[in-house]
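Written below as structure tokens is the structure these notes are about.
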Amino acid sequence: MLHYALVFLIVALLAGFLGFFGIAGVAAEIAKVLFVVFLILFVASFIFGRRRP
């Protein structure tokens, strides 16, 4: 689960980087939403994925 969160965080960062610098207006809005969603998923996965057996 943590692996997927990291992958999606990287994708969101790339989308955010491209979107924030004016590639397209709609892409920027989508990138901002994806960035926030995947950042929250990454933090939640990092916190809750560290359980010991």
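Lettering and numbering for the structure tokens are positional, with chains as A, B, ... in the shown order, residues counted from 1 in each chain, and ligands counted from 1 in the shown order.
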
For this session: Quick one: everything within 9 Å of Val11 in chain A, counting only C-alpha atoms, minus sequence neighbours fewer than 3 positions away in the same chain. Send it as a ChimeraX atom specification.
Result: /A:6-8,14-16,34-35,38

Using only C-alpha atoms, which protein or nucleic acid residues come within 12 Å of Val36 in chain A? Drop anything in the same chain fewer than 3 positions from it, and give the result as a short mmCIF file (atom, residue, chain, number, x, y, z; two decimals) with all heavy atoms, in the first residue's frame.
```
data_model
loop_
_atom_site.label_atom_id
_atom_site.label_comp_id
_atom_site.auth_asym_id
_atom_site.auth_seq_id
_atom_site.Cartn_x
_atom_site.Cartn_y
_atom_site.Cartn_z
N PHE A 8 1.88 7.13 -6.67
CA PHE A 8 0.87 8.14 -6.97
C PHE A 8 1.34 9.53 -6.53
O PHE A 8 0.98 10.53 -7.16
CB PHE A 8 -0.47 7.80 -6.34
CG PHE A 8 -1.17 6.66 -7.03
CD1 PHE A 8 -1.65 5.59 -6.30
CD2 PHE A 8 -1.33 6.65 -8.40
CE1 PHE A 8 -2.30 4.54 -6.92
CE2 PHE A 8 -1.97 5.62 -9.04
CZ PHE A 8 -2.45 4.56 -8.30
N LEU A 9 2.12 9.60 -5.47
CA LEU A 9 2.66 10.89 -5.05
C LEU A 9 3.60 11.43 -6.12
O LEU A 9 3.54 12.62 -6.46
CB LEU A 9 3.39 10.76 -3.72
CG LEU A 9 4.08 12.03 -3.23
CD1 LEU A 9 3.04 13.10 -2.91
CD2 LEU A 9 4.93 11.74 -2.03
N VAL A 11 3.55 10.71 -9.34
CA VAL A 11 2.72 11.11 -10.48
C VAL A 11 2.04 12.44 -10.21
O VAL A 11 1.98 13.32 -11.09
CB VAL A 11 1.68 10.01 -10.80
CG1 VAL A 11 0.65 10.49 -11.80
CG2 VAL A 11 2.37 8.75 -11.29
N ALA A 12 1.54 12.62 -9.00
CA ALA A 12 0.88 13.88 -8.66
C ALA A 12 1.87 15.04 -8.65
O ALA A 12 1.54 16.15 -9.07
CB ALA A 12 0.21 13.77 -7.29
N LEU A 13 3.09 14.80 -8.18
CA LEU A 13 4.10 15.85 -8.20
C LEU A 13 4.45 16.25 -9.63
O LEU A 13 4.60 17.44 -9.93
CB LEU A 13 5.36 15.40 -7.46
CG LEU A 13 5.25 15.35 -5.94
CD1 LEU A 13 6.51 14.72 -5.35
CD2 LEU A 13 5.04 16.74 -5.38
N ALA A 15 2.48 15.89 -12.27
CA ALA A 15 1.31 16.59 -12.81
C ALA A 15 1.23 18.00 -12.24
O ALA A 15 0.88 18.96 -12.95
CB ALA A 15 0.04 15.80 -12.49
N GLY A 16 1.54 18.14 -10.96
CA GLY A 16 1.53 19.46 -10.35
C GLY A 16 2.58 20.37 -10.94
O GLY A 16 2.32 21.54 -11.21
N GLU A 29 -5.77 22.63 -12.63
CA GLU A 29 -6.76 22.36 -11.59
C GLU A 29 -6.78 20.89 -11.22
O GLU A 29 -6.86 20.54 -10.05
CB GLU A 29 -8.15 22.82 -12.06
CG GLU A 29 -8.27 24.31 -12.23
CD GLU A 29 -8.00 25.07 -10.94
OE1 GLU A 29 -8.43 24.62 -9.86
OE2 GLU A 29 -7.32 26.11 -11.01
N ILE A 30 -6.72 20.02 -12.21
CA ILE A 30 -6.70 18.58 -11.95
C ILE A 30 -5.43 18.22 -11.18
O ILE A 30 -5.47 17.42 -10.24
CB ILE A 30 -6.78 17.79 -13.27
CG1 ILE A 30 -8.14 17.99 -13.91
CG2 ILE A 30 -6.51 16.30 -13.05
CD1 ILE A 30 -8.26 17.43 -15.31
N ALA A 31 -4.31 18.81 -11.55
CA ALA A 31 -3.04 18.52 -10.87
C ALA A 31 -3.09 18.97 -9.42
O ALA A 31 -2.59 18.26 -8.54
CB ALA A 31 -1.90 19.22 -11.60
N LYS A 32 -3.69 20.10 -9.14
CA LYS A 32 -3.79 20.57 -7.76
C LYS A 32 -4.62 19.62 -6.91
O LYS A 32 -4.25 19.30 -5.78
CB LYS A 32 -4.39 21.97 -7.72
CG LYS A 32 -3.46 23.03 -8.25
CD LYS A 32 -4.14 24.38 -8.28
CE LYS A 32 -3.27 25.41 -8.96
NZ LYS A 32 -3.93 26.71 -9.08
N VAL A 33 -5.74 19.16 -7.48
CA VAL A 33 -6.59 18.22 -6.75
C VAL A 33 -5.86 16.91 -6.53
O VAL A 33 -5.86 16.36 -5.41
CB VAL A 33 -7.92 18.00 -7.50
CG1 VAL A 33 -8.72 16.87 -6.87
CG2 VAL A 33 -8.73 19.28 -7.54
N LEU A 39 -1.16 13.36 -1.66
CA LEU A 39 -0.36 13.72 -0.50
C LEU A 39 -1.03 13.21 0.78
O LEU A 39 -0.37 12.67 1.67
CB LEU A 39 -0.15 15.23 -0.44
CG LEU A 39 0.78 15.74 0.64
CD1 LEU A 39 2.19 15.20 0.43
CD2 LEU A 39 0.80 17.25 0.65
N ILE A 40 -2.34 13.36 0.85
CA ILE A 40 -3.08 12.85 2.01
C ILE A 40 -2.98 11.33 2.06
O ILE A 40 -2.77 10.75 3.14
CB ILE A 40 -4.56 13.31 1.95
CG1 ILE A 40 -4.63 14.82 2.19
CG2 ILE A 40 -5.40 12.57 2.97
CD1 ILE A 40 -5.97 15.43 1.90
N LEU A 41 -3.13 10.66 0.91
CA LEU A 41 -3.01 9.20 0.88
C LEU A 41 -1.61 8.75 1.29
O LEU A 41 -1.45 7.74 1.99
CB LEU A 41 -3.34 8.67 -0.51
CG LEU A 41 -4.80 8.69 -0.91
CD1 LEU A 41 -4.95 8.25 -2.37
CD2 LEU A 41 -5.62 7.81 0.00
N PHE A 42 -0.59 9.47 0.86
CA PHE A 42 0.78 9.12 1.22
C PHE A 42 0.99 9.22 2.73
O PHE A 42 1.54 8.32 3.35
CB PHE A 42 1.76 10.04 0.49
CG PHE A 42 3.17 9.89 0.97
CD1 PHE A 42 3.90 8.75 0.66
CD2 PHE A 42 3.77 10.88 1.73
CE1 PHE A 42 5.21 8.61 1.11
CE2 PHE A 42 5.06 10.75 2.18
CZ PHE A 42 5.78 9.60 1.87
N VAL A 43 0.54 10.32 3.31
CA VAL A 43 0.72 10.50 4.75
C VAL A 43 -0.07 9.45 5.53
O VAL A 43 0.44 8.86 6.49
CB VAL A 43 0.32 11.93 5.17
CG1 VAL A 43 0.28 12.08 6.68
CG2 VAL A 43 1.27 12.94 4.56
#
```
